[in-house]
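*Asks:* Mind having a look at this structure? Questions to follow.
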Amino acid sequence: MRYSRIAATGSYLPAKVLTNFDLEKMLNTSDQWIRERTGIERRHIAADGETTVDLAEHAVRAALDAAGCRPEDVDLIIFGTTTPNLFFPNCGVLLQARLGCRGVPAFSVETACSGFMYALSIADKFVRAGEAKRALAIGAETLSRITDWTDRSTAVLFADGAGAVLLEPAEAPGIVSTHLHADGGYWDLLYSGGGTDLSKPSRAITMKGNDVFKIAVNTLTKSIEETLAANRIVPAALDWLVPHQANLRIIQATARRLDLPMERVITTVQDHGNTSAASVPLALDFGVRSGKIRRGDLILLEAFGGGFTWGSALIRY
Ligand code: COA
């Protein structure tokens, strides 16, 4: 039996930092409100001209360096994003041209905040099937480009960044199991238009925050329980939970329901805001590079987002 494992992780945040105090000057909001309701204190915003693929390239090169691999070693690119550079070609292809690994399959998945979970799950299957040896699963976003900076209910939440993992074949399971779901019945609770549906011309993120909050907590709890049950383990067996970094209260509520102490939860939302598809690989890379996550640790990753789409994965790092 062939498995896949994470050879290395990488991430990148644009240089510009936007604090809650900066937002106070732009909107009728306050640092106290944002911190109490979301846990967010600051976030990174892409510079003019800096694209989703630019951020992803930095993250991918960091992962390749950490793995001691060259771009030519990559034979599959799966790119999770909801803020692509272009309608087409997809971001995976644009990134491939920069890396120079021409000819290998490259595609995007547009499952909003779950983009990385979908990318990871698909990449794992390619490696297990023997169709790829070194597969990149990426989550990268420039949500600042689809944020209505006059709407205080969304502008304080979303931000930019990128994260990536490089998968390689392994004798023992690194990616132990992945579990993906979607329910399109909820599409209008969280969406961005500006596509070919002319009845939804605005690209600005539109969200019913209260509804999203409640469904996110319930769904993420069930998603984690599904993954634990599939592997016949209890929460106490986990070394780390690396959750989607949307809102500290969602993360705390989920951890509480699972009886998981916050000391075993990686949280970056205070510094990164909600970076959608980038949030889980960014938090994972932060955990690895800060020395919290070590080789052999058992980790549960989860994300939830527009669609709704959601997914979780159990990994042995
Ligand atoms: N600053 C100050 N006040 C704000 C504000 C801001 N940035 N945004 C909203 N408010 C106000 C509202 O206008 C409302 O005022 P009112 O009572 O006078 O009408 C009040 O704060 C409460 O708004 P409400 O939407 O009920 O707040 P909340 O506690 O639900 O928090 C969110 C709002 C958006 C933080 C919360 O619903 C949330 O995080 N939802 C999930 C969002 C999410 O994670 N989405 C992505 C999923 S991937």
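As shown in the structure tokens, the chain order sets the letters A, B, ...; within each chain, residues go from 1, and ligands are also counted from 1 in the order they appear.
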So that I can check the surroundings of Ala164 of chain A, please list as a ChimeraX atom specification every protein, DNA and RNA residue that reaches within 12 Å of it, counting only C-alpha atoms and ignoring chain neighbours fewer than 5 positions away.

*Replies:* /A:6-12,53,55-67,77-81,115-117,119-120,123,135-141,277-286

*Asks:* What's the 8 Å shell around segment 144-150 of chain A, counting only C-alpha atoms, without same-chain residues fewer than 5 positions away, as a compact mmCIF listing (two decimals) with N, CA, C and O atoms, in the first residue's frame?

*Replies:*
# COMPACT_ATOMS: atom_id res chain seq x y z
N MET A 26 -10.84 54.19 9.07
CA MET A 26 -11.50 54.04 7.77
C MET A 26 -13.00 53.77 7.90
O MET A 26 -13.77 54.02 6.97
N LEU A 27 -13.40 53.19 9.04
CA LEU A 27 -14.77 52.69 9.21
C LEU A 27 -15.30 53.04 10.59
O LEU A 27 -14.52 53.29 11.51
N ILE A 45 -2.09 42.78 3.96
CA ILE A 45 -2.79 43.18 2.74
C ILE A 45 -1.79 43.29 1.60
O ILE A 45 -0.72 43.92 1.76
N ALA A 46 -2.12 42.69 0.47
CA ALA A 46 -1.22 42.70 -0.69
C ALA A 46 -1.00 44.13 -1.20
O ALA A 46 -1.90 44.97 -1.14
N THR A 83 -9.82 33.86 -5.21
CA THR A 83 -9.45 35.16 -5.78
C THR A 83 -8.40 34.95 -6.87
O THR A 83 -7.24 35.37 -6.73
N ALA A 155 -15.29 44.00 6.11
CA ALA A 155 -13.94 44.54 5.87
C ALA A 155 -12.97 44.21 7.01
O ALA A 155 -11.77 44.12 6.79
N PHE A 158 -11.53 39.88 6.49
CA PHE A 158 -10.80 39.15 5.44
C PHE A 158 -9.44 39.76 5.12
O PHE A 158 -9.23 40.96 5.30
N ALA A 159 -8.51 38.92 4.63
CA ALA A 159 -7.14 39.37 4.42
C ALA A 159 -6.43 38.50 3.39
O ALA A 159 -7.04 37.62 2.78
N ASP A 160 -5.13 38.75 3.21
CA ASP A 160 -4.36 38.13 2.14
C ASP A 160 -3.24 37.24 2.68
O ASP A 160 -2.69 37.53 3.75
N SER A 192 -19.42 35.92 -3.52
CA SER A 192 -18.89 37.09 -4.21
C SER A 192 -19.27 36.94 -5.68
O SER A 192 -19.09 35.87 -6.26
N ARG A 203 -18.36 42.21 -7.04
CA ARG A 203 -17.39 41.23 -6.54
C ARG A 203 -17.30 41.24 -5.02
O ARG A 203 -16.68 40.38 -4.42
N ALA A 204 -17.87 42.28 -4.39
CA ALA A 204 -17.72 42.43 -2.95
C ALA A 204 -18.28 41.22 -2.19
O ALA A 204 -19.36 40.72 -2.52
N ILE A 205 -17.53 40.75 -1.19
CA ILE A 205 -17.98 39.61 -0.38
C ILE A 205 -19.30 39.98 0.30
O ILE A 205 -19.40 41.02 0.96

*Asks:* Using only C-alpha atoms and all ligand atoms, which residues of the polymer chains come no farther than 6 Å from ligand 1? I'd like the answer as a PyMOL selection string.

*Replies:* chain A and resi 29-30+33-34+37-38+113+152-153+156+209-210+212-213+246-247+304-305

*Asks:* Pick from A:Gln270, A:Thr111, A:Asn85, A:Thr196: nearest to Arg249 of chain A, with only C-alpha atoms counted?

*Replies:*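 Ranked by minimum distance to Arg249 of chain A, first place goes to A:Gln270.
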
*Asks:* Here is a test: counting only C-alpha atoms, which residue of A:Ala237, A:Leu157, A:Leu314, A:Ile251 is nearest to Leu23 of chain A?

*Replies:*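 Ranked by minimum distance to Leu23 of chain A, first place goes to A:Leu157.
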
*Asks:* Just want the 12 Å neighbourhood of Gly195 of chain A, counted on only C-alpha atoms, with same-chain residues fewer than 3 positions away dropped. Output as a PDB file with C-alpha atoms, in the first residue's frame.

*Replies:*
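Generated file (out23.pdb):
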ATOM      1  CA  THR A  82     -11.333  32.079  -4.534  1.00  0.00           C
ATOM      2  CA  THR A  83      -9.453  35.162  -5.784  1.00  0.00           C
ATOM      3  CA  PRO A  84      -7.801  33.987  -9.025  1.00  0.00           C
ATOM      4  CA  LEU A  86      -7.687  35.653 -14.194  1.00  0.00           C
ATOM      5  CA  PHE A  87     -10.877  33.820 -15.216  1.00  0.00           C
ATOM      6  CA  TYR A 191     -20.682  34.724  -1.875  1.00  0.00           C
ATOM      7  CA  SER A 192     -18.886  37.089  -4.208  1.00  0.00           C
ATOM      8  CA  LEU A 198     -24.979  39.316 -14.688  1.00  0.00           C
ATOM      9  CA  SER A 199     -27.617  39.410 -11.943  1.00  0.00           C
ATOM     10  CA  LYS A 200     -24.744  39.400  -9.376  1.00  0.00           C
ATOM     11  CA  PRO A 201     -22.411  42.087 -10.753  1.00  0.00           C
ATOM     12  CA  SER A 202     -20.590  43.019  -7.513  1.00  0.00           C
ATOM     13  CA  ARG A 203     -17.391  41.231  -6.543  1.00  0.00           C
ATOM     14  CA  ALA A 204     -17.716  42.431  -2.946  1.00  0.00           C
TER      15      ALA A 204
END

*Asks:* Running DSSP on the backbone, which parts of segment 176-289 of chain A land in alpha helix (DSSP H), as a PyMOL selection string?

*Replies:* chain A and resi 209-230+248-257+269-272+279-289

*Asks:* Counting only C-alpha atoms, what is within 7 Å of Pro169 of chain A, bar same-chain residues fewer than 6 positions away, as a ChimeraX atom specification?

*Replies:* /A:2-5,127,133

*Asks:* Please provide as a list in words all residues within 7 Å of Arg43 of chain A, with the sequence filter that same-chain residues fewer than 4 positions apart are discarded (counting only C-alpha atoms).

*Replies:*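 Selected residues are Val17, Leu18, Thr19, Ala159, Asp271, His272 and Gly273 of chain A.
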
*Asks:* Measure the distance from atom CA of Gly163 of chain A to atom CA of Leu94 of chain A in Å and round it to one decimal.

*Replies:*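 Pair atom CA of Gly163 of chain A / atom CA of Leu94 of chain A returns 16.4 Å.
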
*Asks:* Here is a test: counting only C-alpha atoms, which residue of A:Gly306, A:Glu168, A:Pro243, A:Arg295 is nearest to Lys208 of chain A?

*Replies:* A:Gly306

*Asks:* When you look at Ser177 of chain A with a cut-off of 12 Å (counting only C-alpha atoms), what residues show up, excluding the ones that are within fewer than 3 positions of it in the same chain? I need them as a PyMOL selection string.

*Replies:* chain A and resi 3-5+117+120-122+124-125+128+173-174+180+224+226-232+298-302+311-316

*Asks:* Could you write out the selected residues, including N, CA and C atoms, as a compact mmCIF listing (two decimals), in the first residue's frame?

*Replies:*
# COMPACT_ATOMS: atom_id res chain seq x y z
N TYR A 3 1.28 5.38 0.40
CA TYR A 3 0.65 6.53 1.06
C TYR A 3 1.34 7.82 0.61
N SER A 4 0.78 8.96 1.09
CA SER A 4 1.48 10.23 0.90
C SER A 4 1.76 10.84 2.26
N ARG A 5 2.77 11.70 2.31
CA ARG A 5 3.06 12.44 3.54
C ARG A 5 3.53 13.84 3.17
N MET A 117 -8.25 22.33 1.73
CA MET A 117 -8.64 20.98 2.16
C MET A 117 -8.95 20.11 0.94
N LEU A 120 -5.58 19.37 -0.87
CA LEU A 120 -4.80 18.37 -0.15
C LEU A 120 -5.36 16.97 -0.40
N SER A 121 -6.69 16.86 -0.33
CA SER A 121 -7.34 15.56 -0.51
C SER A 121 -7.09 15.01 -1.92
N ILE A 122 -7.20 15.87 -2.92
CA ILE A 122 -6.99 15.42 -4.31
C ILE A 122 -5.52 15.05 -4.52
N ASP A 124 -3.37 14.02 -2.36
CA ASP A 124 -3.11 12.75 -1.66
C ASP A 124 -3.51 11.57 -2.56
N LYS A 125 -4.67 11.70 -3.22
CA LYS A 125 -5.13 10.59 -4.05
C LYS A 125 -4.23 10.37 -5.26
N ARG A 128 -1.13 8.59 -3.88
CA ARG A 128 -1.45 7.20 -3.52
C ARG A 128 -1.62 6.33 -4.76
N PRO A 173 1.10 6.00 6.44
CA PRO A 173 0.24 7.14 6.14
C PRO A 173 0.70 8.43 6.80
N GLY A 174 0.95 9.46 5.97
CA GLY A 174 1.15 10.81 6.47
C GLY A 174 -0.21 11.51 6.42
N LEU A 180 -14.38 15.29 2.65
CA LEU A 180 -14.86 16.52 2.00
C LEU A 180 -16.38 16.52 1.90
N ILE A 224 -15.21 17.27 12.38
CA ILE A 224 -14.10 16.73 13.19
C ILE A 224 -14.51 15.38 13.76
N GLU A 226 -16.57 13.25 12.56
CA GLU A 226 -16.54 12.27 11.47
C GLU A 226 -15.13 11.72 11.25
N THR A 227 -14.16 12.63 11.25
CA THR A 227 -12.77 12.22 11.00
C THR A 227 -12.23 11.39 12.17
N LEU A 228 -12.57 11.79 13.39
CA LEU A 228 -12.12 11.02 14.56
C LEU A 228 -12.74 9.62 14.52
N ALA A 229 -14.05 9.56 14.23
CA ALA A 229 -14.75 8.26 14.22
C ALA A 229 -14.20 7.36 13.12
N ALA A 230 -13.92 7.93 11.96
CA ALA A 230 -13.41 7.12 10.84
C ALA A 230 -12.07 6.47 11.20
N ASN A 231 -11.33 7.12 12.10
CA ASN A 231 -10.02 6.59 12.49
C ASN A 231 -10.02 5.98 13.88
N ARG A 232 -11.24 5.86 14.45
CA ARG A 232 -11.43 5.26 15.78
C ARG A 232 -10.51 5.88 16.83
N LEU A 298 0.23 13.93 15.59
CA LEU A 298 -1.06 13.63 14.96
C LEU A 298 -1.88 14.92 14.95
N ILE A 299 -2.30 15.33 13.76
CA ILE A 299 -2.89 16.67 13.60
C ILE A 299 -4.21 16.57 12.84
N LEU A 300 -5.18 17.32 13.30
CA LEU A 300 -6.45 17.41 12.56
C LEU A 300 -6.57 18.80 11.93
N LEU A 301 -6.76 18.82 10.63
CA LEU A 301 -6.97 20.07 9.90
C LEU A 301 -8.44 20.16 9.53
N GLU A 302 -9.02 21.36 9.59
CA GLU A 302 -10.41 21.52 9.13
C GLU A 302 -10.65 22.91 8.58
N GLY A 311 -14.37 20.56 5.00
CA GLY A 311 -13.56 19.35 4.93
C GLY A 311 -12.61 19.27 6.11
N SER A 312 -12.18 18.05 6.39
CA SER A 312 -11.19 17.85 7.45
C SER A 312 -10.23 16.75 7.03
N ALA A 313 -9.09 16.74 7.67
CA ALA A 313 -8.07 15.74 7.36
C ALA A 313 -7.32 15.38 8.63
N LEU A 314 -7.04 14.08 8.79
CA LEU A 314 -6.17 13.63 9.87
C LEU A 314 -4.81 13.37 9.25
N ILE A 315 -3.78 13.99 9.81
CA ILE A 315 -2.44 13.75 9.26
C ILE A 315 -1.45 13.40 10.36
N ARG A 316 -0.51 12.55 10.00
CA ARG A 316 0.63 12.25 10.86
C ARG A 316 1.78 13.02 10.23

*Asks:* Name the residues of segment 1-250 of chain A that fall into strand (DSSP E) according to DSSP on the backbone, using the chain letters and numbers of this document, as a PyMOL selection string.

*Replies:* chain A and resi 3-12+16-19+42-45+76-80+106-109+135-142+160-170+175-182+190-191+206-207+240-243

*Asks:* With only C-alpha atoms as the counted atoms, please give the residues lying no more than 8 Å from Leu99 of chain A, apart from itself and same-chain residues fewer than 3 positions off, as a compact mmCIF listing (two decimals) with all heavy atoms, in the first residue's frame.

*Replies:*
# COMPACT_ATOMS: atom_id res chain seq x y z
N GLU A 57 3.67 31.86 -5.07
CA GLU A 57 5.03 31.51 -5.50
C GLU A 57 6.00 31.57 -4.32
O GLU A 57 6.83 30.67 -4.14
CB GLU A 57 5.49 32.43 -6.64
CG GLU A 57 6.85 32.01 -7.18
CD GLU A 57 7.36 32.91 -8.29
OE1 GLU A 57 6.65 33.83 -8.72
OE2 GLU A 57 8.52 32.67 -8.73
N PRO A 71 12.04 23.15 -8.20
CA PRO A 71 10.74 23.25 -8.87
C PRO A 71 10.55 22.15 -9.92
O PRO A 71 9.43 21.65 -10.09
CB PRO A 71 10.78 24.63 -9.52
CG PRO A 71 11.75 25.41 -8.71
CD PRO A 71 12.77 24.44 -8.21
N GLU A 72 11.63 21.73 -10.57
CA GLU A 72 11.52 20.69 -11.62
C GLU A 72 11.10 19.35 -11.04
O GLU A 72 10.70 18.45 -11.77
CB GLU A 72 12.86 20.49 -12.35
CG GLU A 72 13.48 21.74 -12.90
CD GLU A 72 14.37 22.45 -11.88
OE1 GLU A 72 13.80 23.27 -11.11
OE2 GLU A 72 15.57 22.19 -11.84
N LEU A 95 1.23 29.67 -12.03
CA LEU A 95 2.32 29.35 -11.10
C LEU A 95 3.31 28.39 -11.76
O LEU A 95 4.53 28.55 -11.62
CB LEU A 95 1.74 28.73 -9.83
CG LEU A 95 2.77 28.30 -8.79
CD1 LEU A 95 3.50 29.50 -8.20
CD2 LEU A 95 2.08 27.51 -7.68
N GLN A 96 2.78 27.41 -12.47
CA GLN A 96 3.65 26.43 -13.14
C GLN A 96 4.63 27.12 -14.09
O GLN A 96 5.81 26.79 -14.14
CB GLN A 96 2.79 25.42 -13.90
CG GLN A 96 3.56 24.30 -14.52
CD GLN A 96 3.00 23.97 -15.89
OE1 GLN A 96 2.82 24.85 -16.73
NE2 GLN A 96 2.71 22.70 -16.11
